[in-house]
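> Structure file start29.txt, compact mmCIF, C-alpha atoms and all ligand atoms, is pasted below:
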# COMPACT_ATOMS: atom_id res chain seq x y z
CA MET A 1 85.66 85.48 116.70
CA SER A 2 84.69 82.27 114.98
CA ALA A 3 83.01 82.84 111.66
CA THR A 4 82.59 81.49 108.18
CA GLU A 5 81.98 84.90 106.69
CA PHE A 6 82.94 88.52 107.37
CA ILE A 7 83.20 91.81 105.52
CA ILE A 8 86.03 94.34 105.66
CA ARG A 9 87.17 97.40 103.74
CA ARG A 10 89.13 96.51 100.62
CA PRO A 11 92.80 95.92 101.55
CA ASP A 12 95.86 97.86 100.35
CA ASP A 13 99.43 96.62 99.95
CA TRP A 14 101.94 99.08 101.41
CA HIS A 15 105.06 97.41 99.91
CA LEU A 16 105.00 95.82 96.47
CA HIS A 17 107.42 95.02 93.63
CA LEU A 18 105.76 95.10 90.21
CA ARG A 19 108.97 95.24 88.12
CA ASP A 20 108.68 96.35 84.48
CA GLY A 21 108.18 95.01 80.95
CA GLN A 22 106.87 91.46 80.61
CA MET A 23 107.06 90.77 84.35
CA LEU A 24 104.93 93.84 85.09
CA ALA A 25 102.43 92.73 82.44
CA ALA A 26 102.20 89.30 84.05
CA VAL A 27 101.93 90.27 87.73
CA VAL A 28 99.92 93.47 87.96
CA GLU A 29 96.57 91.67 87.68
CA HIS A 30 97.33 89.62 90.80
CA SER A 31 97.64 92.80 92.83
CA SER A 32 94.79 94.67 91.15
CA ALA A 33 92.46 91.70 91.78
CA ASN A 34 93.18 91.76 95.49
CA PHE A 35 94.13 95.29 96.49
CA ALA A 36 92.76 98.80 96.03
CA ARG A 37 96.15 100.49 96.20
CA ALA A 38 99.80 99.57 96.56
CA ILE A 39 103.00 101.39 97.39
CA ILE A 40 105.20 100.57 94.40
CA MET A 41 108.86 99.93 95.12
CA PRO A 42 111.29 101.87 92.90
CA ASN A 43 114.11 99.29 92.66
CA LEU A 44 113.95 98.84 88.90
CA VAL A 45 117.15 98.63 86.87
CA PRO A 46 117.91 101.54 86.61
CA PRO A 47 115.98 102.72 89.69
CA VAL A 48 113.09 105.21 89.70
CA VAL A 49 114.90 108.29 90.96
CA THR A 50 113.05 111.36 89.68
CA THR A 51 109.43 112.46 89.71
CA ASP A 52 109.36 112.31 85.90
CA GLU A 53 110.58 108.70 85.97
CA ALA A 54 107.91 107.82 88.53
CA ALA A 55 105.21 109.43 86.37
CA ALA A 56 106.35 107.38 83.37
CA TYR A 57 106.49 104.18 85.46
CA GLN A 58 103.00 104.81 86.84
CA LYS A 59 101.71 105.12 83.26
CA ARG A 60 103.30 101.79 82.33
CA ILE A 61 101.70 100.17 85.38
CA LYS A 62 98.27 101.64 84.64
CA SER A 63 98.41 100.50 81.02
CA ASN A 64 98.73 96.90 82.29
CA ILE A 65 95.80 96.93 84.75
CA PRO A 66 93.02 94.73 83.36
CA LYS A 67 89.75 96.44 82.44
CA GLY A 68 87.28 96.33 85.30
CA HIS A 69 89.99 96.24 88.00
CA GLN A 70 90.27 99.28 90.24
CA PHE A 71 93.83 99.70 91.42
CA GLU A 72 95.86 102.79 92.25
CA PRO A 73 99.67 102.48 92.09
CA LEU A 74 101.12 104.84 94.73
CA MET A 75 104.55 105.91 93.56
CA THR A 76 107.83 106.17 95.45
CA LEU A 77 111.30 107.42 94.58
CA TYR A 78 114.57 105.62 95.18
CA LEU A 79 116.69 107.82 97.45
CA THR A 80 120.23 108.33 96.13
CA GLU A 81 123.00 110.64 97.23
CA ALA A 82 122.15 112.76 94.16
CA THR A 83 118.41 113.12 94.91
CA ASN A 84 117.29 116.73 94.50
CA PRO A 85 115.12 117.98 97.42
CA ASP A 86 113.20 120.34 95.10
CA ASP A 87 112.18 117.44 92.85
CA VAL A 88 110.99 115.52 95.91
CA GLU A 89 108.94 118.47 97.14
CA GLU A 90 107.38 119.05 93.71
CA GLY A 91 106.57 115.35 93.34
CA GLY A 92 104.98 115.36 96.78
CA LYS A 93 102.96 118.51 96.14
CA SER A 94 101.66 117.17 92.83
CA GLY A 95 100.30 114.16 94.74
CA LEU A 96 102.26 111.65 92.63
CA ILE A 97 105.07 110.81 95.04
CA LYS A 98 103.93 109.28 98.32
CA ALA A 99 107.30 108.36 99.86
CA LEU A 100 111.02 107.90 99.31
CA LYS A 101 112.74 104.55 99.74
CA LEU A 102 116.11 104.19 101.39
CA TYR A 103 118.19 101.18 100.46
CA PRO A 104 121.60 100.95 102.10
CA ALA A 105 123.89 100.32 99.09
CA GLY A 106 124.09 96.59 98.36
CA ALA A 107 121.50 95.57 100.98
CA THR A 108 119.10 93.73 98.67
CA THR A 109 117.92 93.05 95.11
CA ASN A 110 118.78 96.01 92.82
CA SER A 111 120.16 98.28 95.53
CA ASP A 112 123.51 99.21 93.97
CA SER A 113 122.47 102.87 93.67
CA GLY A 114 121.59 103.02 97.37
CA VAL A 115 123.01 105.30 100.02
CA LYS A 116 126.61 104.85 101.20
CA ASN A 117 127.09 108.02 103.26
CA PHE A 118 123.99 109.12 105.16
CA GLU A 119 125.40 112.65 105.66
CA ASN A 120 124.91 113.20 101.94
CA VAL A 121 121.14 112.67 102.08
CA LEU A 122 120.43 114.88 105.11
CA PRO A 123 119.18 117.83 103.02
CA VAL A 124 116.62 115.53 101.35
CA LEU A 125 115.56 114.05 104.70
CA GLU A 126 115.11 117.54 106.14
CA ARG A 127 112.93 118.55 103.21
CA MET A 128 110.89 115.37 103.60
CA ALA A 129 110.36 116.18 107.26
CA LYS A 130 109.21 119.65 106.28
CA ILE A 131 106.61 118.35 103.81
CA GLN A 132 105.83 115.32 106.03
CA MET A 133 106.65 112.79 103.33
CA PRO A 134 107.46 109.36 104.80
CA LEU A 135 110.87 107.71 104.40
CA LEU A 136 110.59 103.96 103.82
CA VAL A 137 113.66 102.03 104.93
CA HIS A 138 115.07 98.66 104.01
CA GLY A 139 116.40 98.26 107.54
CA GLU A 140 119.59 96.24 107.22
CA VAL A 141 123.22 97.29 107.42
CA THR A 142 125.53 95.84 104.81
CA ASP A 143 128.81 95.75 106.72
CA ALA A 144 130.62 92.50 105.97
CA ASP A 145 131.42 91.98 109.66
CA VAL A 146 127.75 92.04 110.74
CA ASP A 147 126.04 88.65 110.76
CA ILE A 148 123.06 88.51 108.42
CA PHE A 149 120.73 87.57 111.28
CA ASP A 150 121.79 90.72 113.21
CA ARG A 151 121.61 93.21 110.37
CA GLU A 152 118.19 94.61 111.24
CA ALA A 153 118.96 95.20 114.92
CA VAL A 154 122.32 96.79 114.04
CA PHE A 155 120.64 99.03 111.44
CA ILE A 156 118.29 100.39 114.09
CA GLU A 157 121.16 101.22 116.42
CA ARG A 158 123.70 102.54 113.90
CA VAL A 159 121.54 104.13 111.20
CA LEU A 160 117.84 104.51 111.95
CA ASP A 161 117.97 105.86 115.46
CA PRO A 162 120.72 108.41 114.64
CA ILE A 163 118.78 109.59 111.54
CA ARG A 164 115.62 110.03 113.60
CA LYS A 165 117.53 111.97 116.24
CA ARG A 166 119.08 114.23 113.57
CA VAL A 167 115.73 114.79 111.83
CA PRO A 168 113.12 114.29 114.56
CA GLU A 169 110.13 115.36 112.45
CA LEU A 170 110.90 112.76 109.77
CA ARG A 171 108.16 110.14 109.43
CA VAL A 172 109.55 106.64 108.88
CA VAL A 173 108.22 103.22 107.89
CA MET A 174 110.45 100.29 108.76
CA GLU A 175 109.72 98.05 105.81
CA HIS A 176 109.30 94.29 106.18
CA VAL A 177 110.25 94.23 109.85
CA THR A 178 111.52 90.76 110.81
CA THR A 179 112.69 90.87 114.42
CA SER A 180 111.34 91.48 117.90
CA ASP A 181 113.99 94.23 118.12
CA GLY A 182 112.32 95.98 115.18
CA VAL A 183 108.84 95.50 116.63
CA ASP A 184 109.95 96.91 119.99
CA TYR A 185 111.68 99.87 118.39
CA VAL A 186 108.59 100.77 116.38
CA GLN A 187 106.22 100.18 119.27
CA ASN A 188 108.19 102.52 121.53
CA GLY A 189 109.18 105.02 118.85
CA GLY A 190 106.37 107.56 119.04
CA ASP A 191 103.91 108.69 116.35
CA GLY A 192 106.50 109.25 113.65
CA ILE A 193 107.36 105.60 113.04
CA ALA A 194 105.41 102.59 111.79
CA ALA A 195 106.27 99.27 110.15
CA THR A 196 105.06 97.03 107.39
CA ILE A 197 104.97 93.27 107.94
CA THR A 198 104.93 90.74 105.11
CA THR A 199 102.63 87.75 104.93
CA HIS A 200 105.49 85.28 104.61
CA HIS A 201 107.34 86.54 107.70
CA LEU A 202 104.18 85.80 109.70
CA ILE A 203 104.30 82.19 108.48
CA ILE A 204 107.90 81.04 108.07
CA ASN A 205 110.95 81.09 110.28
CA ARG A 206 114.52 80.35 109.25
CA ASN A 207 113.99 76.61 109.23
CA ALA A 208 111.81 77.03 106.14
CA TYR A 209 114.73 77.73 103.82
CA LEU A 210 117.51 75.83 105.63
CA VAL A 211 116.16 72.53 106.96
CA GLY A 212 116.12 69.47 104.73
CA GLY A 213 117.95 71.20 101.87
CA ILE A 214 118.16 74.79 100.65
CA LYS A 215 114.70 76.08 99.68
CA PRO A 216 115.23 79.08 97.41
CA HIS A 217 111.53 79.98 97.25
CA TYR A 218 111.60 80.79 100.97
CA TYR A 219 114.67 82.99 100.62
CA CYS A 220 114.03 86.72 100.83
CA LEU A 221 115.58 89.77 102.44
CA PRO A 222 115.54 90.44 105.25
CA VAL A 223 115.87 86.67 105.78
CA ALA A 224 113.24 85.07 108.03
CA LYS A 225 114.63 84.79 111.55
CA ARG A 226 114.16 82.51 114.58
CA GLU A 227 110.73 81.38 115.71
CA LYS A 228 110.62 83.85 118.61
CA HIS A 229 110.88 86.70 116.11
CA ARG A 230 108.10 85.27 113.96
CA LEU A 231 105.91 85.11 117.05
CA ALA A 232 106.68 88.76 117.86
CA LEU A 233 105.61 89.71 114.32
CA ARG A 234 102.42 87.67 114.65
CA ALA A 235 101.60 89.39 117.94
CA ALA A 236 102.21 92.84 116.43
CA ALA A 237 100.17 92.18 113.27
CA THR A 238 97.20 90.65 115.07
CA SER A 239 97.17 93.22 117.88
CA GLY A 240 95.39 95.90 115.86
CA ASN A 241 98.13 98.37 116.90
CA ALA A 242 97.96 101.23 114.37
CA LYS A 243 101.74 101.18 113.86
CA PHE A 244 101.69 97.87 111.99
CA PHE A 245 100.20 97.25 108.56
CA LEU A 246 100.48 94.92 105.60
CA GLY A 247 103.25 95.34 103.06
CA THR A 248 103.43 92.05 101.20
CA ASP A 249 106.89 92.69 99.70
CA SER A 250 105.68 90.34 97.00
CA ALA A 251 108.78 90.20 94.79
CA PRO A 252 108.66 88.11 91.61
CA HIS A 253 111.81 86.51 90.20
CA PRO A 254 111.91 83.93 87.39
CA ASN A 255 112.66 80.44 88.72
CA GLY A 256 115.96 80.44 86.84
CA ALA A 257 117.14 83.41 88.90
CA LYS A 258 116.08 81.84 92.20
CA ILE A 259 117.25 78.28 91.65
CA SER A 260 120.87 79.14 91.16
CA ALA A 261 124.26 79.03 92.87
CA CYS A 262 123.59 82.70 93.72
CA GLY A 263 119.81 82.80 93.94
CA CYS A 264 117.83 86.05 94.14
CA ALA A 265 116.01 87.18 97.27
CA GLY A 266 112.24 87.56 96.99
CA ILE A 267 109.01 85.67 97.70
CA TYR A 268 105.91 86.03 95.54
CA THR A 269 102.65 86.18 97.50
CA SER A 270 100.34 88.56 95.64
CA ILE A 271 98.06 85.73 94.51
CA ASN A 272 97.33 84.16 97.90
CA THR A 273 98.38 86.75 100.48
CA LEU A 274 94.88 87.67 101.69
CA ASN A 275 93.85 84.01 101.89
CA CYS A 276 96.94 83.28 104.00
CA LEU A 277 96.27 86.27 106.24
CA ALA A 278 92.66 85.31 106.94
CA HIS A 279 93.91 81.82 107.82
CA ILE A 280 96.53 82.98 110.31
CA PHE A 281 94.42 85.72 111.87
CA GLU A 282 91.75 83.07 112.46
CA ASP A 283 94.38 80.76 113.98
CA ASP A 284 95.29 83.55 116.38
CA ASN A 285 91.63 84.32 117.20
CA ALA A 286 92.11 87.74 115.68
CA LEU A 287 89.86 87.88 112.61
CA ASN A 288 88.40 91.05 114.09
CA LYS A 289 91.86 92.68 113.76
CA LEU A 290 92.43 91.76 110.11
CA GLU A 291 90.80 94.92 108.76
CA ALA A 292 93.05 97.15 110.88
CA PHE A 293 96.12 95.38 109.51
CA THR A 294 95.12 95.25 105.83
CA SER A 295 92.85 98.24 105.34
CA ILE A 296 92.99 100.90 108.08
CA ASN A 297 96.40 101.33 109.72
CA GLY A 298 98.24 101.87 106.42
CA PRO A 299 96.10 104.69 105.03
CA ALA A 300 95.99 106.26 108.48
CA PHE A 301 99.79 106.45 108.62
CA TYR A 302 100.02 107.71 105.03
CA ARG A 303 97.20 110.19 105.76
CA LEU A 304 95.17 108.88 102.84
CA PRO A 305 91.43 108.18 102.79
CA LEU A 306 90.19 104.71 103.72
CA ASN A 307 88.84 102.59 100.87
CA GLU A 308 85.07 102.71 100.68
CA GLN A 309 84.71 99.41 98.80
CA ARG A 310 84.19 96.28 100.89
CA VAL A 311 85.21 92.66 100.39
CA ARG A 312 83.45 89.63 101.78
CA PHE A 313 85.57 86.74 103.04
CA THR A 314 83.93 83.33 103.10
CA LYS A 315 85.36 80.07 104.37
CA SER A 316 85.01 77.24 101.94
CA SER A 317 84.65 73.65 103.12
CA THR A 318 87.24 72.43 100.64
CA PRO A 319 90.76 73.79 100.03
CA ILE A 320 91.17 76.49 97.39
CA ASN A 321 93.47 75.74 94.48
CA PHE A 322 96.07 78.35 93.64
CA PRO A 323 98.51 78.07 90.75
CA LYS A 324 101.89 76.83 92.02
CA GLU A 325 103.59 78.92 89.36
CA PHE A 326 102.79 81.11 86.38
CA ARG A 327 104.50 81.77 83.07
CA VAL A 328 106.50 84.89 82.30
CA GLN A 329 108.42 84.98 79.03
CA ASN A 330 110.47 81.77 78.89
CA ASP A 331 110.34 80.88 82.56
CA ASN A 332 107.96 80.49 85.50
CA VAL A 333 107.52 82.44 88.71
CA THR A 334 106.79 80.31 91.78
CA VAL A 335 103.94 81.30 94.10
CA PHE A 336 104.48 81.20 97.87
CA ASP A 337 103.47 77.89 99.43
CA PRO A 338 102.41 78.56 103.04
CA GLY A 339 102.70 74.87 103.90
CA PHE A 340 99.01 74.52 104.78
CA GLU A 341 95.74 74.40 102.86
CA LEU A 342 93.82 77.63 102.38
CA TYR A 343 90.05 77.84 102.84
CA TRP A 344 89.32 81.56 103.03
CA GLN A 345 88.39 83.29 99.79
CA HIS A 346 87.12 86.78 99.13
CA GLU A 347 85.08 88.74 96.62
CA ALA A 348 84.04 92.34 96.16
CA VAL A 349 80.82 93.33 97.85
CA LYS A 350 78.66 94.91 95.16
CA ALA A 351 77.55 98.45 95.96
CA GLU A 352 73.85 98.77 96.77
CA GLY A 353 71.62 99.11 93.76
CA VAL A 354 74.15 97.56 91.38
N1 LIG A 401 112.50 91.33 99.66
C1 LIG A 401 113.29 90.72 98.81
O1 LIG A 401 113.82 89.66 99.14
N2 LIG A 401 113.54 91.20 97.57
C2 LIG A 401 113.09 92.46 97.04
C3 LIG A 401 113.85 93.61 97.55
C4 LIG A 401 113.55 94.02 98.96
O2 LIG A 401 112.42 94.38 99.31
O3 LIG A 401 114.46 94.02 99.80
C5 LIG A 401 113.19 92.38 95.51
O4 LIG A 401 113.13 93.43 94.86
O5 LIG A 401 113.30 91.27 94.96
ZN ZN A 402 113.69 95.43 101.17
ZN ZN A 403 110.66 94.81 98.97
Spit out the file's structure as structure tokens when you get a sec.
Ligand SMILES: NC(=O)N[C@@H](CC(=O)O)C(=O)O
Ligand SMILES: [Zn+2]
Ligand SMILES: [Zn+2]

Amino acid sequence: MSATEFIIRRPDDWHLHLRDGQMLAAVVEHSSANFARAIIMPNLVPPVVTTDEAAAYQKRIKSNIPKGHQFEPLMTLYLTEATNPDDVEEGGKSGLIKALKLYPAGATTNSDSGVKNFENVLPVLERMAKIQMPLLVHGEVTDADVDIFDREAVFIERVLDPIRKRVPELRVVMEHVTTSDGVDYVQNGGDGIAATITTHHLIINRNAYLVGGIKPHYYCLPVAKREKHRLALRAAATSGNAKFFLGTDSAPHPNGAKISACGCAGIYTSINTLNCLAHIFEDDNALNKLEAFTSINGPAFYRLPLNEQRVRFTKSSTPINFPKEFRVQNDNVTVFDPGFELYWQHEAVKAEGV
């Protein structure tokens, strides 16, 4: 499809970090301007563990959404070895809790309360299977002897596959999949498993943060892998396959925390994610698959209604200017630089008669 204009259902973001406090206040408008809904990650400090905590967090998010923006934060709980299955079931039944997030302890930013012994969370996983609530996994092992580039593939073999065999009815989303191993596993894993793919993993490989000097703004977890893995992700995202959908994993950190001898993992794309996606789907002759990736496959897996609003993408003849960074408290947050100019922009399609 070659076009300078097209219309799709309004996108959703199935993996988002909004943080709290002043950071939340600064970033929420970037998501609410672009997305109808987002799955909100619970890795605050301390994490969002109970339904009551998620309800309070959702209120704080909603109080920061600018007037006139329509945006629904879909809440998740952080799975710990102390999670109470009854609380999960009640949260699910009330409609507030859409999923639980599993972080292997120490795997990523703010994951210290994560799971060490998977036996201890089996009762929760069984209850989730019963109520058909998805488990979202940060799919990396943390064993010191496993190379960081192998941690996703080893997670599948040592943790994910055994869990799915123990609890076969459990529905799982492999978050921010980064390898062809992950793509293959999801593709061949039956109806109960899907994956989110980030915008940045479709664009960068491991050279981005290692060649020509360390580039902290391209450092995230799971780390971007070799080019062949990026190409596998591109093929999955642009295929239209219902198992793959957008989760930006947009994860703001102040520059001071990233540009450091021990810099934080996380890439911030909420501002220009959809513009980047239109660009790369066009590059791959797959603009007609963009709507499946951003607006249809996600709600279908979560068994939620599709958005009825539409957005119109138009291709401008001159590059669009995005802020390179924005101010939060006493520091800046850097916005993802895809390394190419962006021409696609989008706006809400006004409902008829308005
Ligand atoms: N993706 C990241 O690199 N960072 C995320 C955590 C996560 O999703 O693993 C964050 O919270 O900063
Ligand atoms: Zn993660
Ligand atoms: Zn994340």
> So, with all atoms listed in the file as the atoms that count, which of A:Glu308, A:Asp331, A:Glu282, A:Glu175 lies closest to Phe6 in chain A?
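The closest residue to Phe6 in chain A is A:Glu282.
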> Find the distance between CA of Gly298 in chain A and CA of Val349 in chain A and write it in Å to one decimal.
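Value for the CA of Gly298 in chain A-CA of Val349 in chain A distance: 21.2 Å.
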> Could you list, as a ChimeraX atom specification, all the residues within 9 Å of ligand ZN 403 (chain A), counting all atoms listed in the file?
/A:15-17,41,43,108-109,138,175-176,220-221,247-251,266
> If I put a ball of radius 12 Å at (103.3, 95.5, 105.8) in the file's coordinates, which residues poke into it when counting only C-alpha atoms, written as a PyMOL selection string?
chain A and resi 11-16+38-39+136+173-178+194-202+233-234+236-237+242-250+273+277+292-299+301
> Please report the interatomic distance between CA of Pro46 in chain A and CA of Val328 in chain A in Å with one decimal.
20.6 Å
> Up to 6 Å from (94.2, 74.7, 101.0) in the file's coordinates: name the residues, counting all atoms listed in the file, as a PDB file with C-alpha atoms, in the coordinates of the input.

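For reference, out-v4.pdb as written:
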ATOM      1  CA  PRO A 319      90.760  73.790 100.030  1.00  0.00           C
ATOM      2  CA  ILE A 320      91.170  76.490  97.390  1.00  0.00           C
ATOM      3  CA  GLU A 341      95.740  74.400 102.860  1.00  0.00           C
ATOM      4  CA  LEU A 342      93.820  77.630 102.380  1.00  0.00           C
ATOM      5  CA  TYR A 343      90.050  77.840 102.840  1.00  0.00           C
TER       6      TYR A 343
END
> Find the residues near Pro104 in chain A: any atom within 9 Å, counting all atoms listed in the file, skip ones fewer than 4 places away on the same chain, and give them as a list in words.
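Non-adjacent residues within range: Thr108, Ser111, Asp112, Ser113, Gly114, Val115, Lys116, Val137, His138, Gly139, Glu140, Val141 and Thr142 of chain A.
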> Which value, in Å to one decimal, gives the distance between CA of Val159 in chain A and CA of Gly91 in chain A?
25.9 Å
> For Glu89 in chain A, find every residue with an atom within 9 Å (counting only C-alpha atoms), except residues of its own chain fewer than 5 positions away, and show them as a PyMOL selection string.
chain A and resi 84+94+97+127-128+131+133
> A:Tyr103, A:Phe322, A:Phe155, A:Phe118: which is nearest ligand ZN 402 (chain A), counting all atoms listed in the file?
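Looking at the shortest contact to ligand ZN 402 (chain A), the residue is A:Tyr103.
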> Smallest atom-to-atom distance to ligand ZN 402 (chain A): which of A:Gln70, A:Ser239, A:Gln345, A:Asn110, using all atoms listed in the file?
A:Asn110
> Can you work out which one of A:Val154, A:Cys262, A:Leu210, A:Val167 has the shortest atom-to-atom distance to Tyr185 in chain A, counting only C-alpha atoms?
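Among the listed residues, the smallest separation from Tyr185 in chain A belongs to A:Val154.
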> I want to know what sits within 9 Å of Asp181 in chain A, based on only C-alpha atoms, with residues of the same chain fewer than 5 positions away left out; could you give that as JSON, numbers by chain?
{"A": [152, 153, 156, 186, 229]}
> Got a sec: who's within 9 Å of range 61-68 of chain A, counting all atoms listed in the file, leaving out chain neighbours fewer than 2 positions off, as a PyMOL selection string?
chain A and resi 18+20+24-26+28-29+32-33+56-59+70-73
> Ranking A:Val211, A:Ile259, A:Gly189, A:Ala3 by minimum distance to Phe281 in chain A and counting all atoms listed in the file, which one comes first?
A:Ala3
> Please produce range 129-149 of chain A, completed to N, CA and C atoms, as a short mmCIF file (atom, residue, chain, number, x, y, z; two decimals), keeping the file's coordinate frame.

data_model
loop_
_atom_site.label_atom_id
_atom_site.label_comp_id
_atom_site.auth_asym_id
_atom_site.auth_seq_id
_atom_site.Cartn_x
_atom_site.Cartn_y
_atom_site.Cartn_z
N ALA A 129 110.97 115.90 105.96
CA ALA A 129 110.36 116.18 107.26
C ALA A 129 109.48 117.41 107.14
N LYS A 130 109.97 118.41 106.43
CA LYS A 130 109.21 119.65 106.28
C LYS A 130 107.87 119.39 105.60
N ILE A 131 107.87 118.59 104.54
CA ILE A 131 106.61 118.35 103.81
C ILE A 131 105.90 117.10 104.32
N GLN A 132 106.46 116.48 105.37
CA GLN A 132 105.83 115.32 106.03
C GLN A 132 105.67 114.14 105.08
N MET A 133 106.68 113.95 104.23
CA MET A 133 106.65 112.79 103.33
C MET A 133 107.41 111.64 104.01
N PRO A 134 106.79 110.46 104.10
CA PRO A 134 107.46 109.36 104.80
C PRO A 134 108.72 108.83 104.08
N LEU A 135 109.69 108.43 104.89
CA LEU A 135 110.87 107.71 104.40
C LEU A 135 110.64 106.23 104.70
N LEU A 136 110.75 105.41 103.66
CA LEU A 136 110.59 103.96 103.82
C LEU A 136 111.99 103.37 103.85
N VAL A 137 112.29 102.54 104.84
CA VAL A 137 113.66 102.03 104.93
C VAL A 137 113.71 100.51 104.79
N HIS A 138 114.67 100.06 103.96
CA HIS A 138 115.07 98.66 104.01
C HIS A 138 116.07 98.61 105.16
N GLY A 139 115.65 98.09 106.30
CA GLY A 139 116.40 98.26 107.54
C GLY A 139 117.44 97.20 107.80
N GLU A 140 118.46 97.16 106.96
CA GLU A 140 119.59 96.24 107.22
C GLU A 140 120.89 96.95 106.89
N VAL A 141 121.88 96.81 107.78
CA VAL A 141 123.22 97.29 107.42
C VAL A 141 123.85 96.27 106.47
N THR A 142 124.90 96.71 105.80
CA THR A 142 125.53 95.84 104.81
C THR A 142 126.97 95.51 105.16
N ASP A 143 127.40 95.97 106.35
CA ASP A 143 128.81 95.75 106.72
C ASP A 143 129.13 94.25 106.74
N ALA A 144 130.25 93.91 106.10
CA ALA A 144 130.62 92.50 105.97
C ALA A 144 130.79 91.83 107.34
N ASP A 145 131.16 92.60 108.35
CA ASP A 145 131.42 91.98 109.66
C ASP A 145 130.15 91.81 110.49
N VAL A 146 128.99 92.22 109.97
CA VAL A 146 127.75 92.04 110.74
C VAL A 146 127.01 90.81 110.22
N ASP A 147 126.73 89.89 111.10
CA ASP A 147 126.04 88.65 110.76
C ASP A 147 124.67 88.98 110.15
N ILE A 148 124.30 88.20 109.14
CA ILE A 148 123.06 88.51 108.42
C ILE A 148 121.83 88.46 109.33
N PHE A 149 121.88 87.65 110.38
CA PHE A 149 120.73 87.57 111.28
C PHE A 149 120.66 88.78 112.24
#
